[in-house]
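The structure file start.cif is reproduced below (mmCIF, C-alpha atoms).
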data_entry
loop_
_atom_site.label_atom_id
_atom_site.label_comp_id
_atom_site.auth_asym_id
_atom_site.auth_seq_id
_atom_site.Cartn_x
_atom_site.Cartn_y
_atom_site.Cartn_z
CA MET O 1 12.29 31.56 -10.67
CA ARG O 2 9.82 31.37 -7.82
CA VAL O 3 6.71 29.31 -8.60
CA GLU O 4 3.59 30.18 -6.64
CA HIS O 5 1.08 27.47 -5.75
CA ALA O 6 -1.84 29.69 -6.77
CA GLU O 7 -0.28 30.30 -10.17
CA LEU O 8 -0.09 26.66 -11.22
CA SER O 9 -2.56 25.81 -13.98
CA GLY O 10 -4.09 22.41 -14.59
CA SER O 11 -1.64 21.75 -17.41
CA GLU O 12 1.32 22.68 -15.21
CA LEU O 13 0.10 20.35 -12.48
CA ARG O 14 -0.33 17.55 -14.98
CA ASP O 15 3.20 18.19 -16.25
CA LEU O 16 4.60 17.97 -12.72
CA ARG O 17 2.66 14.77 -12.14
CA ALA O 18 3.99 13.30 -15.38
CA VAL O 19 7.58 14.17 -14.50
CA SER O 20 7.14 12.65 -11.03
CA ALA O 21 5.81 9.41 -12.51
CA ARG O 22 8.43 9.24 -15.26
CA VAL O 23 11.39 9.79 -12.97
CA ALA O 24 10.07 7.54 -10.20
CA THR O 25 9.40 4.76 -12.73
CA GLU O 26 12.94 4.95 -14.07
CA ALA O 27 14.38 4.83 -10.56
CA ALA O 28 12.08 1.93 -9.66
CA GLU O 29 13.45 -0.06 -12.60
CA LEU O 30 16.98 0.51 -11.31
CA VAL O 31 15.89 -0.63 -7.84
CA ARG O 32 14.14 -3.70 -9.25
CA THR O 33 17.23 -4.68 -11.21
CA ARG O 34 19.56 -4.15 -8.28
CA ARG O 35 17.35 -6.36 -6.08
CA VAL O 36 18.08 -9.19 -8.53
CA THR O 37 21.75 -8.48 -9.22
CA GLY O 38 22.80 -7.25 -5.78
CA VAL O 39 21.86 -4.43 -3.41
CA GLY O 40 25.45 -3.24 -2.97
CA ASP O 41 27.10 -2.09 0.24
CA VAL O 42 24.89 -1.73 3.31
CA ASP O 43 25.52 0.96 5.94
CA THR O 44 23.59 2.18 8.98
CA LYS O 45 22.29 5.65 9.86
CA SER O 46 20.45 6.58 13.08
CA SER O 47 20.74 3.10 14.63
CA GLU O 48 21.92 -0.42 13.87
CA THR O 49 18.48 -1.25 12.42
CA ASP O 50 18.23 1.92 10.27
CA VAL O 51 19.95 0.86 7.05
CA VAL O 52 20.92 2.47 3.76
CA THR O 53 22.18 0.57 0.71
CA GLU O 54 24.22 1.56 -2.29
CA THR O 55 21.01 1.08 -4.28
CA ASP O 56 19.34 3.86 -2.27
CA ARG O 57 22.17 6.19 -3.22
CA ALA O 58 22.21 5.10 -6.86
CA ALA O 59 18.45 5.57 -7.20
CA GLU O 60 18.62 9.07 -5.72
CA ARG O 61 21.48 10.01 -8.06
CA LEU O 62 19.39 8.82 -11.00
CA VAL O 63 16.38 10.89 -9.85
CA ARG O 64 18.54 13.98 -9.37
CA ASP O 65 20.16 13.58 -12.78
CA ARG O 66 16.83 13.12 -14.55
CA LEU O 67 15.21 16.06 -12.76
CA ALA O 68 18.19 18.21 -13.73
CA GLU O 69 17.49 17.32 -17.35
CA LEU O 70 13.70 17.63 -17.25
CA ARG O 71 13.35 20.51 -14.76
CA PRO O 72 16.73 22.30 -14.75
CA GLY O 73 17.53 24.62 -11.89
CA GLU O 74 14.86 23.36 -9.48
CA PRO O 75 16.11 22.28 -6.03
CA VAL O 76 15.83 18.71 -4.77
CA LEU O 77 15.48 17.51 -1.18
CA GLY O 78 16.43 13.84 -0.93
CA GLU O 79 16.73 11.40 1.93
CA GLU O 80 20.30 10.36 1.15
CA GLU O 81 21.94 13.50 -0.25
CA GLY O 82 19.94 16.22 1.51
CA GLY O 83 19.58 19.52 -0.33
CA GLY O 84 17.98 21.58 2.41
CA ASP O 85 16.56 21.14 5.85
CA ASP O 86 13.43 19.07 6.43
CA SER O 87 11.08 22.05 6.49
CA ALA O 88 8.82 24.01 4.19
CA GLY O 89 10.84 26.02 1.70
CA ALA O 90 10.01 28.81 -0.70
CA GLY O 91 9.07 28.09 -4.30
CA LEU O 92 9.11 24.75 -6.07
CA CYS O 93 11.19 21.91 -4.63
CA TRP O 94 11.32 18.22 -5.49
CA VAL O 95 11.18 15.84 -2.53
CA VAL O 96 12.62 12.36 -3.08
CA ASP O 97 12.74 9.09 -1.18
CA PRO O 98 14.79 6.78 -3.43
CA ILE O 99 13.67 3.67 -1.53
CA ASP O 100 10.94 4.00 1.06
CA GLY O 101 11.10 0.73 2.97
CA THR O 102 14.81 0.00 2.65
CA VAL O 103 14.69 -2.79 5.24
CA ASN O 104 11.94 -4.48 3.21
CA PHE O 105 14.06 -4.04 0.08
CA LEU O 106 17.08 -5.54 1.81
CA TYR O 107 15.12 -8.62 2.87
CA GLY O 108 13.17 -8.97 -0.39
CA PHE O 109 9.84 -8.24 1.30
CA PRO O 110 7.79 -6.74 -1.58
CA TRP O 111 6.52 -3.56 0.10
CA TYR O 112 8.90 -0.75 -0.85
CA ALA O 113 8.73 2.12 -3.30
CA VAL O 114 10.33 5.11 -4.96
CA SER O 115 8.59 8.36 -3.99
CA VAL O 116 8.92 11.63 -5.93
CA ALA O 117 6.88 14.75 -5.21
CA ALA O 118 6.81 18.39 -6.28
CA GLN O 119 6.11 20.86 -3.51
CA VAL O 120 5.49 24.58 -3.71
CA ASP O 121 6.15 26.53 -0.53
CA GLY O 122 6.20 23.23 1.35
CA VAL O 123 2.84 22.03 0.00
CA SER O 124 2.71 18.93 -2.21
CA VAL O 125 1.15 19.72 -5.59
CA ALA O 126 2.05 16.60 -7.59
CA GLY O 127 3.68 13.27 -6.93
CA ALA O 128 4.16 9.62 -7.73
CA VAL O 129 4.90 6.48 -5.75
CA VAL O 130 6.16 3.53 -7.80
CA GLU O 131 6.59 -0.03 -6.55
CA PRO O 132 9.61 -1.85 -8.04
CA PRO O 133 8.35 -5.40 -7.27
CA SER O 134 4.94 -4.96 -8.94
CA GLY O 135 5.46 -1.96 -11.22
CA ARG O 136 2.34 -0.29 -9.82
CA VAL O 137 2.30 3.48 -10.27
CA TRP O 138 0.37 5.69 -7.85
CA THR O 139 -0.03 9.35 -8.87
CA ALA O 140 -1.81 12.55 -7.87
CA ALA O 141 -1.93 16.26 -8.62
CA ARG O 142 -3.60 18.78 -6.35
CA GLY O 143 -7.23 19.24 -7.33
CA LEU O 144 -6.99 16.63 -10.10
CA GLY O 145 -7.52 13.45 -8.10
CA ALA O 146 -5.42 10.36 -7.44
CA GLU O 147 -4.89 7.26 -9.57
CA LEU O 148 -3.38 3.79 -9.50
CA ASP O 149 -2.16 2.79 -12.96
CA GLY O 150 -4.59 5.30 -14.46
CA ARG O 151 -7.61 4.17 -12.43
CA PRO O 152 -9.21 6.69 -10.03
CA LEU O 153 -8.78 6.07 -6.32
CA ARG O 154 -11.24 6.60 -3.50
CA ALA O 155 -10.79 6.21 0.23
CA SER O 156 -12.95 3.64 1.99
CA ALA O 157 -16.53 4.22 3.11
CA ALA O 158 -15.81 3.06 6.67
CA THR O 159 -17.91 4.74 9.35
CA ARG O 160 -17.08 2.80 12.55
CA LEU O 161 -13.65 2.83 14.15
CA GLU O 162 -14.18 -0.54 15.82
CA THR O 163 -14.35 -2.18 12.37
CA ALA O 164 -11.57 -0.08 10.81
CA LEU O 165 -8.28 -1.56 9.61
CA VAL O 166 -5.45 0.80 10.62
CA ALA O 167 -1.75 0.73 9.76
CA THR O 168 1.14 2.17 11.69
CA GLY O 169 4.92 2.21 11.83
CA PHE O 170 7.74 2.47 14.36
CA GLY O 171 10.94 4.46 14.68
CA TYR O 172 14.44 3.01 14.78
CA GLN O 173 15.42 4.09 18.30
CA ALA O 174 14.58 1.54 21.02
CA ALA O 175 13.24 4.10 23.51
CA ARG O 176 10.91 5.64 20.91
CA ARG O 177 9.71 2.21 19.82
CA GLN O 178 8.81 1.33 23.38
CA ARG O 179 6.61 4.44 23.69
CA GLN O 180 5.06 3.86 20.27
CA ALA O 181 4.32 0.22 21.08
CA ALA O 182 2.48 1.22 24.25
CA ALA O 183 0.30 3.70 22.35
CA VAL O 184 -0.43 1.20 19.57
CA ALA O 185 -1.32 -1.46 22.16
CA GLU O 186 -3.98 0.90 23.49
CA LEU O 187 -5.26 1.59 19.98
CA LEU O 188 -5.46 -2.11 19.12
CA PHE O 189 -8.51 -2.61 21.32
CA ARG O 190 -10.41 0.19 19.56
CA VAL O 191 -10.06 -0.96 15.92
CA ARG O 192 -10.60 -4.09 13.82
CA ASP O 193 -6.87 -4.75 13.59
CA ILE O 194 -3.45 -3.16 13.12
CA ARG O 195 -1.08 -3.59 10.18
CA ARG O 196 2.62 -2.69 10.07
CA ALA O 197 4.21 -3.19 6.65
CA GLY O 198 7.17 -0.81 6.78
CA ALA O 199 6.77 1.82 4.02
CA ALA O 200 4.94 5.04 4.83
CA SER O 201 4.39 6.08 1.22
CA LEU O 202 2.66 2.80 0.40
CA ASP O 203 0.60 2.82 3.60
CA LEU O 204 -0.71 6.22 2.55
CA CYS O 205 -1.46 4.89 -0.94
CA ALA O 206 -3.30 1.96 0.65
CA VAL O 207 -5.54 4.44 2.48
CA ALA O 208 -6.16 6.14 -0.87
CA ALA O 209 -7.20 2.82 -2.40
CA GLY O 210 -9.47 1.84 0.50
CA TRP O 211 -7.22 -1.11 1.36
CA LEU O 212 -6.77 0.52 4.76
CA ASP O 213 -9.23 2.69 6.66
CA GLY O 214 -6.54 4.63 8.46
CA TYR O 215 -2.82 5.10 9.01
CA VAL O 216 -0.85 6.81 11.76
CA GLU O 217 2.87 7.15 12.34
CA GLN O 218 5.12 9.36 14.40
CA GLY O 219 8.58 10.67 13.47
CA LEU O 220 8.34 10.65 9.68
CA HIS O 221 10.40 12.93 7.43
CA ARG O 222 9.07 15.03 4.57
CA TRP O 223 10.32 12.59 1.93
CA ASP O 224 8.36 9.77 3.60
CA TRP O 225 4.98 11.44 3.04
CA ALA O 226 5.35 14.15 0.37
CA ALA O 227 3.85 12.07 -2.46
CA GLY O 228 1.81 9.53 -0.50
CA ALA O 229 -0.06 12.06 1.64
CA LEU O 230 -1.13 13.97 -1.47
CA ILE O 231 -2.35 10.74 -3.08
CA ALA O 232 -4.39 9.92 0.04
CA GLU O 233 -5.81 13.44 0.25
CA GLU O 234 -6.75 13.53 -3.42
CA ALA O 235 -8.54 10.20 -2.95
CA GLY O 236 -10.75 11.81 -0.31
CA ALA O 237 -8.94 10.81 2.87
CA VAL O 238 -8.60 13.22 5.78
CA VAL O 239 -4.88 13.91 6.24
CA ARG O 240 -3.19 15.61 9.17
CA LEU O 241 0.46 16.25 8.41
CA PRO O 242 3.18 16.47 11.07
CA GLY O 243 3.01 19.82 12.82
CA THR O 244 -0.62 20.57 11.98
CA ASP O 245 -2.15 19.15 15.19
CA PRO O 246 0.50 19.54 17.91
CA GLU O 247 -2.00 19.86 20.78
CA GLY O 248 -3.92 16.76 19.66
CA ILE O 249 -2.07 13.88 18.01
CA GLY O 250 1.32 15.55 18.49
CA ALA O 251 3.74 17.73 16.58
CA HIS O 252 5.48 14.80 14.90
CA THR O 253 2.51 12.55 14.07
CA LEU O 254 0.90 11.97 10.67
CA MET O 255 -2.63 10.64 10.34
CA ALA O 256 -4.59 9.69 7.23
CA ALA O 257 -8.06 8.20 7.43
CA ALA O 258 -11.27 7.57 5.56
CA PRO O 259 -13.54 10.58 6.20
CA GLY O 260 -16.13 8.48 8.01
CA VAL O 261 -13.70 7.46 10.77
CA ALA O 262 -11.23 10.36 10.80
CA THR O 263 -12.72 12.26 13.74
CA GLU O 264 -13.12 9.11 15.81
CA LEU O 265 -9.60 7.94 14.98
CA ARG O 266 -8.10 11.29 15.98
CA THR O 267 -9.93 11.16 19.31
CA ALA O 268 -8.66 7.64 19.91
CA LEU O 269 -5.08 8.65 19.08
CA VAL O 270 -5.25 11.48 21.61
CA GLU O 271 -6.69 9.18 24.27
CA CYS O 272 -4.08 6.50 23.52
CA GLY O 273 -1.25 8.97 24.09
CA PHE O 274 0.07 9.58 20.59
CA GLY O 275 0.31 13.29 21.37
CA GLY O 276 2.95 12.62 23.98
CA LEU O 277 5.23 10.37 21.94
#

Mind converting the file's structure to structure tokens?
Amino acid sequence: MRVEHAELSGSELRDLRAVSARVATEAAELVRTRRVTGVGDVDTKSSETDVVTETDRAAERLVRDRLAELRPGEPVLGEEEGGGDDSAGAGLCWVVDPIDGTVNFLYGFPWYAVSVAAQVDGVSVAGAVVEPPSGRVWTAARGLGAELDGRPLRASAATRLETALVATGFGYQAARRQRQAAAVAELLFRVRDIRRAGAASLDLCAVAAGWLDGYVEQGLHRWDWAAGALIAEEAGAVVRLPGTDPEGIGAHTLMAAAPGVATELRTALVECGFGGL
């Protein structure tokens, strides 16, 4: 049955948010346990540095199984098992990243998460990002705000780019990294400082919490941002998703920023060459 975005009531959105949080929390517990007992086999994907573990696959299987029980018949797009192309689809679809920040997980660096989002016609309407190391649960539903462990979130009150703390990330291909590094080097002189922690979903949540004033990354997939971008947006951040500003920051670039620095950050990204990456 096709679910229209405009038809979703507040109670339906809260239900989708609750399912996202429940399933992501269960998967996060599996990931946390596996980090202690063993991550399993490790393979590579797009390059030697782009890794996937057996825990990634196990977590996605768990999410798919639980969604099949709780929301039978609804399609799932996941990083490891696919389920459709990485584009906006029709109706309701669940978008899953079983471990966002797999390299961090592999090394034991505590900045990785399970991300689960519900999208309708390609638009995120509810989602959760859960951190296995800390157990923190970030949630949002469209029009109902964003929360961290039940506490409301609000983007920072920053108004000057030169004192803004901005996060970014890099791709796995050497040639792309070289271009990204050059653009970030230009940006570094225009902001307070740059952070690179390695998990897009959590960087977006950090913008929502005001821990960061901005975040920009090029080359992300839908599962990387489906939940985190909604959480940032519902916390008041200005979010430009990939494909929404092709003539400015580029067709493959995502930006999230506190409203007081969003326009200035976008201008800086254009001038620093992000649109040509």

Minimum-distance residue to O:Val270, chosen among O:Ala28, O:Leu220, O:Ala175, O:Leu187 (using only C-alpha atoms):
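Nearest candidate to O:Val270 out of O:Ala28, O:Leu220, O:Ala175, O:Leu187: O:Leu187.
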
With distances taken over all atoms listed in the file, which of O:Val239, O:Leu30, O:Val207, O:Cys272 is nearest to O:Leu188?
O:Cys272

Which residues would end up in the selection if the PyMOL selection byres ((chain O and resi 53) around 10) were applied here, given that I need the answer as number ranges by chain?
O: 39-44, 51-52, 54-58, 80, 99, 102-103, 105-106

I would like the residues chosen by the PyMOL selection byres ((chain O and resi 252) around 9) on the shown file; could you give them as a ChimeraX atom specification?
/O:217-220,241-246,249-251,253-254,275,277

Just so the selection is clear, what residues does the PyMOL selection byres ((chain O and resi 158) around 10) cover here, as a list in words?
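That selection, the PyMOL selection byres ((chain O and resi 158) around 10), comes back as Ala155, Ser156, Ala157, Thr159, Arg160, Leu161, Glu162, Thr163, Ala164, Leu165, Gly210, Leu212, Asp213, Gly214, Ala257, Ala258, Pro259, Gly260, Val261 and Ala262 of chain O.
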
For O:Ser20, which of O:Ala128, O:Val63, O:Ile194, O:Val123 is the closest residue, counting only C-alpha atoms?
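Nearest to O:Ser20: O:Ala128.
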
Residues within 7 Å of O:Ala24, please, as a list in words. Count all atoms listed in the file; anything in the same chain fewer than 5 positions from it doesn't count.
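So, after excluding close chain neighbours, the residues are Val114, Ser115, Val116, Ala128, Val129 and Val130 of chain O.
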
For atom CA of O:Asp224 and atom CA of O:Ala141, determine how far apart the two atoms are, in Å to one decimal place.
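We find that atom CA of O:Asp224 and atom CA of O:Ala141 lie 17.2 Å from each other.
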
Taking 3 positions as the minimum chain separation for residues in the same chain, which residues sit within 8 Å of O:Ala200 when counting all atoms listed in the file? Answer as an NGL selection string.
:O and (100-101 or 169 or 203-204 or 224-225 or 228)

Nearest to O:Thr139 among O:Ala18, O:Leu202, O:Val23, O:Val191, with distances taken over only C-alpha atoms: which residue is it?
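Using only C-alpha atoms, the shortest distance to O:Thr139 belongs to O:Ala18.
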
Stretch 31-42 of chain O rebuilt with all heavy atoms, output as a JSON list (two decimals), in the frame of the given file:
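And here is the file that came out, result.json:
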[["chain", "number", "residue", "atom", "x", "y", "z"],
["O", 31, "VAL", "N", 16.01, 0.07, -9.12],
["O", 31, "VAL", "CA", 15.89, -0.63, -7.84],
["O", 31, "VAL", "C", 15.51, -2.09, -8.06],
["O", 31, "VAL", "O", 16.06, -3.00, -7.42],
["O", 31, "VAL", "CB", 14.85, 0.09, -6.94],
["O", 31, "VAL", "CG1", 14.56, -0.74, -5.69],
["O", 31, "VAL", "CG2", 15.35, 1.48, -6.56],
["O", 32, "ARG", "N", 14.56, -2.33, -8.97],
["O", 32, "ARG", "CA", 14.14, -3.70, -9.25],
["O", 32, "ARG", "C", 15.31, -4.54, -9.75],
["O", 32, "ARG", "O", 15.52, -5.68, -9.32],
["O", 32, "ARG", "CB", 13.01, -3.71, -10.28],
["O", 32, "ARG", "CG", 12.38, -5.07, -10.52],
["O", 32, "ARG", "CD", 11.55, -5.09, -11.79],
["O", 32, "ARG", "NE", 12.39, -4.91, -12.97],
["O", 32, "ARG", "CZ", 13.13, -5.89, -13.51],
["O", 32, "ARG", "NH1", 13.16, -7.10, -12.96],
["O", 32, "ARG", "NH2", 13.85, -5.64, -14.58],
["O", 33, "THR", "N", 16.08, -3.96, -10.66],
["O", 33, "THR", "CA", 17.23, -4.68, -11.21],
["O", 33, "THR", "C", 18.27, -4.96, -10.15],
["O", 33, "THR", "O", 18.82, -6.08, -10.07],
["O", 33, "THR", "CB", 17.84, -3.86, -12.36],
["O", 33, "THR", "OG1", 16.86, -3.65, -13.37],
["O", 33, "THR", "CG2", 19.03, -4.59, -12.96],
["O", 34, "ARG", "N", 18.55, -3.98, -9.33],
["O", 34, "ARG", "CA", 19.56, -4.15, -8.28],
["O", 34, "ARG", "C", 19.12, -5.21, -7.26],
["O", 34, "ARG", "O", 19.97, -5.89, -6.68],
["O", 34, "ARG", "CB", 19.80, -2.82, -7.56],
["O", 34, "ARG", "CG", 20.54, -1.79, -8.39],
["O", 34, "ARG", "CD", 22.02, -2.14, -8.58],
["O", 34, "ARG", "NE", 22.75, -1.06, -9.21],
["O", 34, "ARG", "CZ", 23.39, -0.10, -8.56],
["O", 34, "ARG", "NH1", 23.37, -0.09, -7.23],
["O", 34, "ARG", "NH2", 24.04, 0.85, -9.21],
["O", 35, "ARG", "N", 17.82, -5.34, -7.03],
["O", 35, "ARG", "CA", 17.35, -6.36, -6.08],
["O", 35, "ARG", "C", 17.68, -7.75, -6.59],
["O", 35, "ARG", "O", 17.93, -8.68, -5.81],
["O", 35, "ARG", "CB", 15.83, -6.24, -5.87],
["O", 35, "ARG", "CG", 15.31, -7.17, -4.77],
["O", 35, "ARG", "CD", 15.86, -6.75, -3.41],
["O", 35, "ARG", "NE", 15.68, -7.71, -2.33],
["O", 35, "ARG", "CZ", 16.34, -8.83, -2.14],
["O", 35, "ARG", "NH1", 17.28, -9.20, -2.98],
["O", 35, "ARG", "NH2", 16.10, -9.60, -1.11],
["O", 36, "VAL", "N", 17.75, -7.90, -7.92],
["O", 36, "VAL", "CA", 18.08, -9.19, -8.53],
["O", 36, "VAL", "C", 19.59, -9.39, -8.60],
["O", 36, "VAL", "O", 20.10, -10.48, -8.29],
["O", 36, "VAL", "CB", 17.46, -9.28, -9.94],
["O", 36, "VAL", "CG1", 17.90, -10.57, -10.63],
["O", 36, "VAL", "CG2", 15.94, -9.22, -9.86],
["O", 37, "THR", "N", 20.31, -8.35, -8.98],
["O", 37, "THR", "CA", 21.75, -8.48, -9.22],
["O", 37, "THR", "C", 22.60, -8.21, -7.99],
["O", 37, "THR", "O", 23.77, -8.59, -7.96],
["O", 37, "THR", "CB", 22.18, -7.53, -10.35],
["O", 37, "THR", "OG1", 21.91, -6.17, -9.96],
["O", 37, "THR", "CG2", 21.41, -7.83, -11.63],
["O", 38, "GLY", "N", 22.04, -7.54, -7.00],
["O", 38, "GLY", "CA", 22.80, -7.25, -5.78],
["O", 38, "GLY", "C", 22.53, -5.86, -5.27],
["O", 38, "GLY", "O", 22.59, -4.90, -6.05],
["O", 39, "VAL", "N", 22.25, -5.73, -3.97],
["O", 39, "VAL", "CA", 21.86, -4.43, -3.41],
["O", 39, "VAL", "C", 23.04, -3.52, -3.19],
["O", 39, "VAL", "O", 22.88, -2.32, -2.95],
["O", 39, "VAL", "CB", 21.08, -4.61, -2.10],
["O", 39, "VAL", "CG1", 19.85, -5.47, -2.31],
["O", 39, "VAL", "CG2", 21.96, -5.21, -1.00],
["O", 40, "GLY", "N", 24.28, -4.05, -3.22],
["O", 40, "GLY", "CA", 25.45, -3.24, -2.97],
["O", 40, "GLY", "C", 25.76, -3.15, -1.49],
["O", 40, "GLY", "O", 25.20, -3.87, -0.66],
["O", 41, "ASP", "N", 26.69, -2.25, -1.15],
["O", 41, "ASP", "CA", 27.10, -2.09, 0.24],
["O", 41, "ASP", "C", 25.92, -1.65, 1.10],
["O", 41, "ASP", "O", 25.03, -0.92, 0.65],
["O", 41, "ASP", "CB", 28.21, -1.05, 0.35],
["O", 41, "ASP", "CG", 29.50, -1.53, -0.32],
["O", 41, "ASP", "OD1", 29.67, -2.75, -0.47],
["O", 41, "ASP", "OD2", 30.31, -0.66, -0.70],
["O", 42, "VAL", "N", 25.94, -2.08, 2.36],
["O", 42, "VAL", "CA", 24.89, -1.73, 3.31],
["O", 42, "VAL", "C", 25.53, -1.01, 4.49],
["O", 42, "VAL", "O", 26.45, -1.54, 5.12],
["O", 42, "VAL", "CB", 24.12, -2.97, 3.80],
["O", 42, "VAL", "CG1", 23.03, -2.58, 4.78],
["O", 42, "VAL", "CG2", 23.53, -3.73, 2.62]]
